[in-house]
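Working notes for the structure below.
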Number of protein chains: 4
Amino acid sequence: MTTSLAPPADSLSLKQRFREIRATSMRITAPLSAEDHMLQSMPDASPAKWHLAHTTWFFETFILQSYSPGYKSFDSRFKHLFNSYYKQLGSHPYRGARGLMSRPSLQEVHAFRSHVDRALEPFLDTASDEVLALVELGLNHEQQHQELILTDIKHGLWSSPLAPERLPIATVHEPPASLEWIEIEGGIHSIGHEGHEFAFDNESPRHQVLLQPFAIASRAVTNGDYLEFMRDDGYRRAELWLSDGWDAVCAQKWEAPFYWEHNEDGSWNHFAMNGTGETGIKPVDMSEPVCHVSYYEADAFAHWSGARLPTEAEWEVASFRSAVRGSFLDENVFHPRVVKRSSHLQMFGDVWEWTASPYTPYPGFKPAPGLIGEYNGKFMCNQLVLRGGSCATPASHIRASYRNFFPPHARWQFSGLRLAK
Amino acid sequence: MTTSLAPPADSLSLKQRFREIRATSMRITAPLSAEDHMLQSMPDASPAKWHLAHTTWFFETFILQSYSPGYKSFDSRFKHLFNSYYKQLGSHPYRGARGLMSRPSLQEVHAFRSHVDRALEPFLDTASDEVLALVELGLNHEQQHQELILTDIKHGLWSSPLAPERLPIATVHEPPASLEWIEIEGGIHSIGHEGHEFAFDNESPRHQVLLQPFAIASRAVTNGDYLEFMRDDGYRRAELWLSDGWDAVCAQKWEAPFYWEHNEDGSWNHFAMNGTGETGIKPVDMSEPVCHVSYYEADAFAHWSGARLPTEAEWEVASFRSAVRGSFLDENVFHPRVVKRSSHLQMFGDVWEWTASPYTPYPGFKPAPGLIGEYNGKFMCNQLVLRGGSCATPASHIRASYRNFFPPHARWQFSGLRLAK
Amino acid sequence: MTTSLAPPADSLSLKQRFREIRATSMRITAPLSAEDHMLQSMPDASPAKWHLAHTTWFFETFILQSYSPGYKSFDSRFKHLFNSYYKQLGSHPYRGARGLMSRPSLQEVHAFRSHVDRALEPFLDTASDEVLALVELGLNHEQQHQELILTDIKHGLWSSPLAPERLPIATVHEPPASLEWIEIEGGIHSIGHEGHEFAFDNESPRHQVLLQPFAIASRAVTNGDYLEFMRDDGYRRAELWLSDGWDAVCAQKWEAPFYWEHNEDGSWNHFAMNGTGETGIKPVDMSEPVCHVSYYEADAFAHWSGARLPTEAEWEVASFRSAVRGSFLDENVFHPRVVKRSSHLQMFGDVWEWTASPYTPYPGFKPAPGLIGEYNGKFMCNQLVLRGGSCATPASHIRASYRNFFPPHARWQFSGLRLAK
Amino acid sequence: MTTSLAPPADSLSLKQRFREIRATSMRITAPLSAEDHMLQSMPDASPAKWHLAHTTWFFETFILQSYSPGYKSFDSRFKHLFNSYYKQLGSHPYRGARGLMSRPSLQEVHAFRSHVDRALEPFLDTASDEVLALVELGLNHEQQHQELILTDIKHGLWSSPLAPERLPIATVHEPPASLEWIEIEGGIHSIGHEGHEFAFDNESPRHQVLLQPFAIASRAVTNGDYLEFMRDDGYRRAELWLSDGWDAVCAQKWEAPFYWEHNEDGSWNHFAMNGTGETGIKPVDMSEPVCHVSYYEADAFAHWSGARLPTEAEWEVASFRSAVRGSFLDENVFHPRVVKRSSHLQMFGDVWEWTASPYTPYPGFKPAPGLIGEYNGKFMCNQLVLRGGSCATPASHIRASYRNFFPPHARWQFSGLRLAK
C-alpha cells in the first residue's frame with residue numbers, strides 16, 4: 001500500500017466504488033446456497049461465507065473500530081473469528097477449521113455486511129486521507145478475495161462427490177494468433193508502481209533493473225501446446241523437471257493440468273464451472289490458454305519447449321511494449337460484456353502467468369508499520385510471482401505492476417504461463 | 001438380525017412405528033440449520049444431513065429397489081452417494097469427505113425422505129415377512145443413527161470456533177444412592193438374545209457362559225468419583241494405564257473427560273448442549289455418571305480404584321438380577337417425560353458402559369448372507385463392547401442383550417463405566 | 001511370572017541354563033557384523049545390539065542392582081539407555097531411535113554382557129528363592145528376545161537395498177499329512193498354567209472354560225492351501241475381510257504373505273534367510289506352513305475356506321489331545337539337530353498360530369506388584385493371542401499354555417494359522 | 001561445471017590433488033567406527049559410509065565406465081546402490097533408507113575406494129581434457145561431501161541417546177572486531193565465475209548486475225549479538241518473522257540455534273563435537289559467529305536489528321572490496337594449522353552466510369547436457385543461496401563466486417549470517 005505516496009481517490013467516487021465492489025461480492029455468491037457457502041475442501045481454500053465475513057471484518061477492524069468513535073461492533077466475537085493471519089491482533093482460528101463455522105449463519109454474515117456498510121458509507125464523507133487510503137486498501141483486499149471466492153468454490157464444488165451444476169464464470173477467449181516472438185532490447189529499465197493510483201506496498205519502490213536482451217511470446221501457452229508436451233511423455237521424463245517438481249509428479253500422480261479428466265477415447269474434459277449441460281464438465285478447448293498448472297508444470301513445459309519462463313521484470317517491461325494498459329480482456333465474471341482486446345500479447349485477464357521470479361522484496365521495500373505491515377511482506381519466501389490477472393480477476397483490479405504470488409505446487413488458481421527466451 | 005428366527009411384528013403396528021421413528025429423526029434435527037447439517041468435525045463423525053439421507057438410502061436400497069417393482073428411485077446418484085460401507089455395492093465416497101456434500105441440499109434430502117416414505121408405507125400392507133423383517137432392521141438402523149446424529153452434532157458444534165447455543169438433549173439423573181456391591185453367583189449362565197422381538201445378528205446365538213462368582217456396583221461411576229481419580233494424579237501415573245492408553249494420554253494430552261474445561265478456580269465445566277444460558281457450557285454435576293471417557297480411561301479408573309470393568313457376560317447376567325427390563329430411565333431427548341426408574345442398578349439409559357470384553361462373535365455366530373452380512377460381523381476386531389444405552393439412545397432401542405461397540409480411544413460417544421470385582 | 005506359586009528350579013541346573021541361554025544369544029548373532037547389529041528397519045523392530053544389551057540390562061536392573069550389595073554397574077548411563085518400556089523407571093529413549101545407538105559399540109555391549117554374567121553367576125549359589133525366580137524370568141525374557149533378534153534381523157536385512165546373504169535359520173518341515181478334522185467334545189475344560197515349572201503371569205490363573213464341541217485341523221494351513229485363496233481373488237474380495245483388514249489390504253497393497261515376491265512366470269519366491277544361494281531368496285515350498293501372515297489375512301483365509309480360527313481355549317485343549325507335549329519339532333536355529341515329531345497335529349515349533357482370541361486377562365489375573373507388573377498386563381488391549389511357537393522359538397521356551405500376542409496387522413513375526421470349525 | 005570454458009588443470013598436479021582429496025575423506029572418517037558410519041538420523045542426512053561410497057561411485061560411473069575400456073566394476077550392484085539422485089540412470093534407493101545399508105560393510109566400501117583409485121590414477125596420465133574436466137568435477141564433488149560428512153555425523157552423534165565423545169573439528173575464531181559498516185557504491189557490477197580455475201556450472205555465466213548503494217557489516221553476527229535477540233523475545237514476537245518462519249518456530253518449538261542447550265542458570269551450552277571433555281558439549285562462546293541457524297532465523301534477526309540480509313550479488317561484490325581472495329581462515333578440520341586471516345570482513349571459512357537471494361539460474365544459464373546436467377540446475381527452487389564457506393569446508397574448495405544452497409528451514413549445516421543495509 002502506498003499510503004504516503006498516493007493521494008486517495010476522490011471520496012465521492014470512492015463511495016461509489018465502495019458500493020459497487022461490496023455489491024459485486026454479493027452478486028458472485030448469489031447463486032450459492034448457504035450450504036455451498038460452508039464448503040472448505042482443503043486448508044488452502046476458504047468457505048465463501050468466510051470470505052464474505054473476513055472482507056467485512058477488515059473494514060470494521062482497521063477503520064471503524066479505530067477511527068469511528070461510537071461505532072458499535074456487530075458481534076464482539078467476530079474480531080477473533082474472522083481474523084485471517086494478523087498475529088499482532090492475537091490468536092486466530094486454525095485456517096483448516098473455517099469449514100466448521102456453521103455459526104454464524106450466512107444470514108448473519110449478510111447482516112454483518114449490511115451493518116458495516118451502513119456505518120462506513122456516511123463516514124466516508126468526513127474521513128481523513130489516512131482513512132480513505134485504508135478504505136481503498138480494503139476495497140482492493142475485497143477484490144482479491146472475490147477471485148479467491150471463485151477459485152475456492154470451484155475447488156469445493158469439484159471436491160463434492162456429486163458433479164456440480166454449472167456456475168457463471170465466463171472465460172471467452174479470442175482465437176490465438178500464431179505464436180510470435182517479441183524482441184525486447186536489453187539495458188536499464190524501470191519497474192514497479194508509479195503514479196497516484198492505488199497499488200500494494202509490494203509493488204514499490206519503483207526501481208531500475210538491468211536486463212539482457214530477450215524475446216517474449218506473443219500469447220500464452222495454449223491447451224493445444226500443452227497437450228503436445230503431454231503426448232511427448234512430459235509427465236514421465238524426470239529430466240524435464242525441477243527436483244521438487246518431479247517429487248510432486250510422483251507423489252500426486254500428476255498427469256495433466258488440475259481439473260482435467262481423461263475420456264476413454266483419449267480426449268480430455270475439464271471442470272470449468274461454466275460448462276455446457278448441468279455439471280460444468282466440458283471438452284478442453286485447444287485454443288484457450290492452459291490453466292490450473294503449477295509452477296513446476298510451467299517450468300517443465302518451458303524446459304521441454306527449449307525456452308524458459310520470463311522473469312517478472314521482463315514480463316513487466318514487455319507489457320508496456322504492447323500498449324495494453326487498459327485494453328485487457330474485459331469479459332469475465334465481473335464484467336460479462338465482451339470488449340475486444342486490442343493487445344496482441346494477451347497479457348491481462350486470461351490466466352495468471354507464472355514467472356521465473358521468486359517473490360522477494362524490491363530494493364528498499366519497507367512494509368507499512370503496524371498491523372497492515374503483515375499484509376504482504378511476511379509472505380516473501382517460498383513463493384513465485386505471477387503476473388497479468390485471470391478471467392476471475394476483477395477487471396479494475398488488474399495492472400501491469402501487480403504482483404500475485406503462490407507456492408510452486410499450487411494448482412487451484414487460474415494459473416498458466418507464457419514463454420520467453 | 002435374526003431374520004429367520006423372529007417372526008416380524010404385526011404389520012399395522014410396524015407401520016405406526018415406521019411413522020414415529022422416521023418423524024423422530026426429523027424432530028431431533030429440527031433445531032439445526034442447513035449449515036449445521038453440513039458439519040463434519042472429524043472423519044469418525046458424519047454430518048446430520050448425511051445421517052438423514054443414509055438412513056433413507058437403507059430403505060430404498062435394501063427394500064424398495066429389491067422388492068417393490070416399478071419403484072422409481074429419487075435420484076440414481078444417491079445409490080453411490082449415501083452408501084456408508086457396503087463393499088459389495090461397489091465403491092463409496094471417502095468417509096472423511098461427507099462434509100463436502102453441499103449438494104444435495106438439505107431440502108432435497110428432506111424430499112428424498114418423503115419420497116421413500118410415501119413409496120414404502122402403502123407397500124407395508126402387502127409385504128412379505130422377509131420384507132417386514134428388513135423394515136424392522138431399517139428402523140433399528142435409523143434409531144442407531146439417531147444417537148449418532150446427537151453425538152456427531154455435539155462434536156461438530158463443540159468444534160466450532162464459536163461456543164454454540166444450547167440444544168435440547170435432556171439428561172436428568174436421579175441422585176445416586178451410595179455405591180453397593182451386588183454379589184452374583186458363579187456357574188453356567190445364558191446370555192444373548194432370546195424371544196421374538198427384534199435383535200441384531202451379533203446378539204445371537206444365545207449361549208451358555210461359565211462365570212466365576214463376582215460383584216458388580218449398584219451404580220455407574222459418577223463425576224465425583226472420577227474427580228477423585230483426577231486429583232490423585234490419575235492422568236499422570238503411567239502404572240495405572242494400559243500401554244496404548246498411556247500413549248494416548250501423552251499424545252492427546254488428556255487430563256479430563258472429553259468436553260470438560262478447566263476453570264481458573266480449579267472447578268470444571270463441560271459442554272453439554274443442554275447447558276444453562278446460551279452456550280451449552282455448564283458446571284460438572286458431581287452426582288451424574290461420568291461420561292465421554294474412553295475405554296482407556298475407564299480401565300485406568302478401574303485399576304486405580306482397585307476394582308475392574310465387568311465382562312459383557314457379567315454385565316448381562318447382572319442386569320437380570322434387578323428386574324430392570326423395561327424400567328430404565330425414560331427421560332431422554334426422544335421421550336422427554338420423566339418416568340421414575342425402578343432399577344437400583346442404573347444400568348439402562350444413562351451412559352453406555354464400557355465392558356472388559358473385546359467385540360467378538362458369539363460361539364456359532366454366522367453373519368447374514370449377502371449384503372446385510374456386512375452390517376455387524378466385519379467390525380469384530382479392535383473394538384470393545386459397551387452395554388446399557390445412554391440418555392441419547394431411543395428408549396425403545398434399549399435392551400439387555402444389546403451390544404454396542406467402539407474402539408478403545410473413542411470419547412465422543414456418551415460412554416461411561418461401572419465397576420466390578 | 002508365577003513367582004509365588006512356582007518354586008524356582010534347582011539352582012545348579014539354573015546356573016547351567018543361564019550359561020547356555022546367554023551363550024545362545026551370542027551364537028545366533030555371531031554371523032552378524034557390527035553394522036548388521038545396528039539395523040532398525042521400522043520402529044517395531046529393534047537392532048540386534050539393542051536386544052543383546054536390553055536382555056543384559058534386565059539382569060542388571062532387576063537383580064544385581066537390587067539384590068547384590070556392592071555390585072558396580074558397567075555404565076551408569078545404561079540404566080536409562082536400555083530400558084524398553086518400564087515407565088516406573090522413568091523416561092526411556094524413543095523406541096524408533098534405537099538404530100541411532102552407534103555408541104556404545106557392539107564390543108562394549110559384549111563387554112557389558114560379560115560383566116553382568118561374571119557378577120551374576122557366583123551370586124546364584126547363594127541367592128534367595130525370590131532372586132532365583134527373577135533369574136528364571138530373565139532367562140525366559142532373553143529367550144523371547146532371541147526370537148525377536150531373528151524376526152527383526154530378517155526384516156532389517158530384507159529392507160536393505162542389497163539382497164542379503166543367507167543366514168542360518170533352519171525351517172525343516174515334514175511333508176504334511178492330508179488335513180483331518182480332530183473332533184473335541186464340549187463341556188467344561190481347564191486351561192492355563194499348572195505345575196512347578198516357569199510360566200509367565202499371563203498364563204495364570206488356571207481356570208475353567210466352557211466349550212462347545214468343535215473340530216480342529218490336524219495341521220497348519222500350508223503355502224499350497226494359501227495359494228488357492230490367492231488364486232481365488234482372496235486379496236480382492238472385500239466381503240472376505242474384517243473391515244480394518246480390508247483397509248490394510250488397500251492401504252498397504254497386500255497381495256501375498258510378507259516376504260513373498262512374484263516371479264514373471266507367476267510362481268512365487270520368498271525371502272527366507274536360509275535360502276539356497278547367496279541371497280536368502282528361494283521358491284515357496286507348497287508343503288510348508290504359510291508364514292508371515294497378519295491376523296487379518298488369517299481371518300480372511302478362514303472365512304474363505306468356510307471355517308474359522310480356533311479360540312485360544314480351543315487350541316490349548318486340543319493340544320493335549322495329541323500327546324504332543326515335549327514332542328514338537330526340535331529342529332530350529334537353536335537346536336539344529338532334527339528330531340522326528342510324533343505329533344500329528346504339528347502344533348509346536350513350526351509357526352505361531354493366530355487364534356480368534358483377543359489378548360485379555362484370565363479371570364482373577366493380577367499383575368505382579370511393582371516394576372515387573374509392567375511385563376505383560378499393560379499390553380492386554382488391541383492384540384490377538386498366538387499359540388504354539390515357531391521355528392525361531394527356542395525349543396525349551398515352548399509350552400502348551402504359552403500366550404504370545406501381537407497386533408492384528410503384524411506380519412514380520414513367524415505367524416501362520418490353523419483352522420477350526 | 002565450466003567444462004568447455006576452463007582448460008583442465010595440469011594433469012600431474014591433478015593426480016596429486018586426486019590423491020590428497022581422496023585421502024582427506026579417509027582421514028576425516030578415521031575416528032569413526034563402522035557403526036558410526038551407519039548413522040542416518042534424518043532423511044536429509046546420509047551415513048558417512050554412504051558418502052564414502054557415493055563419491056567413489058561418481059568416479060566409477062561418470063569416468064571409468066564411460067571412458068576406460070576394460071575397466072571392471074568393483075560390484076555391479078553399486079551402480080544402483082550409490083546413485084544419489086540421477087534420474088536418467090534409472091531408479092535409486094529411497095534416500096531415507098541409506099541407514100539400512102549394513103551391507104556392503106565399511107571394509108568393502110574402503111576396498112571399493114581403493115579399487116577405483118587404483119584404476120583411475122594411471123588412467124589420468126593419458127586421459128583427454130574432457131575426462132580430466134570430469135575428474136576435476138569429481139574432486140569438487142568429493143569436497144562437497146567432505147563437509148556433508150561432518151554436518152551429517154554431527155547430527156547423527158547428537159541424535160544418539162548417549163552424549164557423544166568429542167571429534168576433531170576445529171573452529172578457531174579470531175576475537176571479533178567491533179562491527180563496522182562497509183559502504184559499497186551502487187551501479188553496474190559483474191558477478192559470477194571468471195578465469196580458468198574450476199567452478200560449478202551454477203556460477204556461470206558471469207554477468208552484470210545493477211546494485212543500489214549499500215553497506216555491509218564487517219563481520220558475521222556473533223553468538224553474543226544473537227543472544228540479545230533471544231533476550232528481547234525474538235523467538236516469541238510473530239511480527240519479526242516470515243509467515244513460514246513463524247509456523248516453523250511454533251511447530252518445532254525453536255527457541256535458540258540448533259544444538260544449543262539451556263542450562264539451569266540461564267546460560268547456554270552447545271554441542272560442538274570439539275568440546276572440552278568427553279561429550280562435545282561446551283559453553284557457547286559469545287565472540288564466535290552464530291551458527292546452525294535457519295534462513296528464517298537469520299531473516300528474523302536481521303528484521304529485529306533494523307537491517308537486512310545482503311543479496312548474493314551484494315555479498316560477492318563486497319567480498320572483492322577486502323582483498324580477501326585466498327586469505328580466508330585456513331584453520332579448519334582439513335587444514336589444522338592456523339593461518340592468520342588478513343581479511344577484516346571474515347567472509348570465508350567461518351560460517352556459511354545466508355543471503356536474501358533465492359537460488360535461481362544466472363541469466364543465460366544452461367545446465368550441462370546429459371547426466372551431469374542434473375548436478376545443480378534441477379534444485380533451483382525453494383532454496384536460498386549461502387555464501388562464503390564454513391569451518392567445515394575444505395579450504396581449497398572456497399571461492400568468492402561459490403553458491404551453496406539449502407531450503408530455508410535447514411539448520412544442521414554450519415550456517416550463520418551477516419547484515420547489510
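Just remember, in the C-alpha cells the first chain shown is A, the second B, etc., residues are 1-based per chain, and ligands are 1-based in the order shown.
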
Exercise for the section: Kindly determine which residues of chain B lie within 10 Å of chain A, considering only C-alpha atoms, and give the answer as a PyMOL selection string. Expected result: chain B and resi 32-41+77-78+80-81+92-94+97-106+156-165

Exercise for the section: If you run DSSP over the backbone, which residues in range 163-394 of chain D end up alpha helix (DSSP H)? Put them as JSON, numbers by chain. Expected result: {"D": [223, 224, 225, 226, 227, 228, 229, 230, 231, 243, 244, 245, 246, 247, 248, 249, 250, 251, 252, 295, 296, 297, 298, 299, 300, 301, 302, 303, 304, 305, 312, 313, 314, 315, 316, 317, 318, 319, 320]}

Practice task
Identify, on the basis of only C-alpha atoms, every residue whose closest approach to Ser13 in chain B does not exceed 12 Å; exclude the query and any residue fewer than 5 positions from it along the same chain; express the result as a PyMOL selection string.
Solution key: chain B and resi 8+18-20+121+124-125+132+136
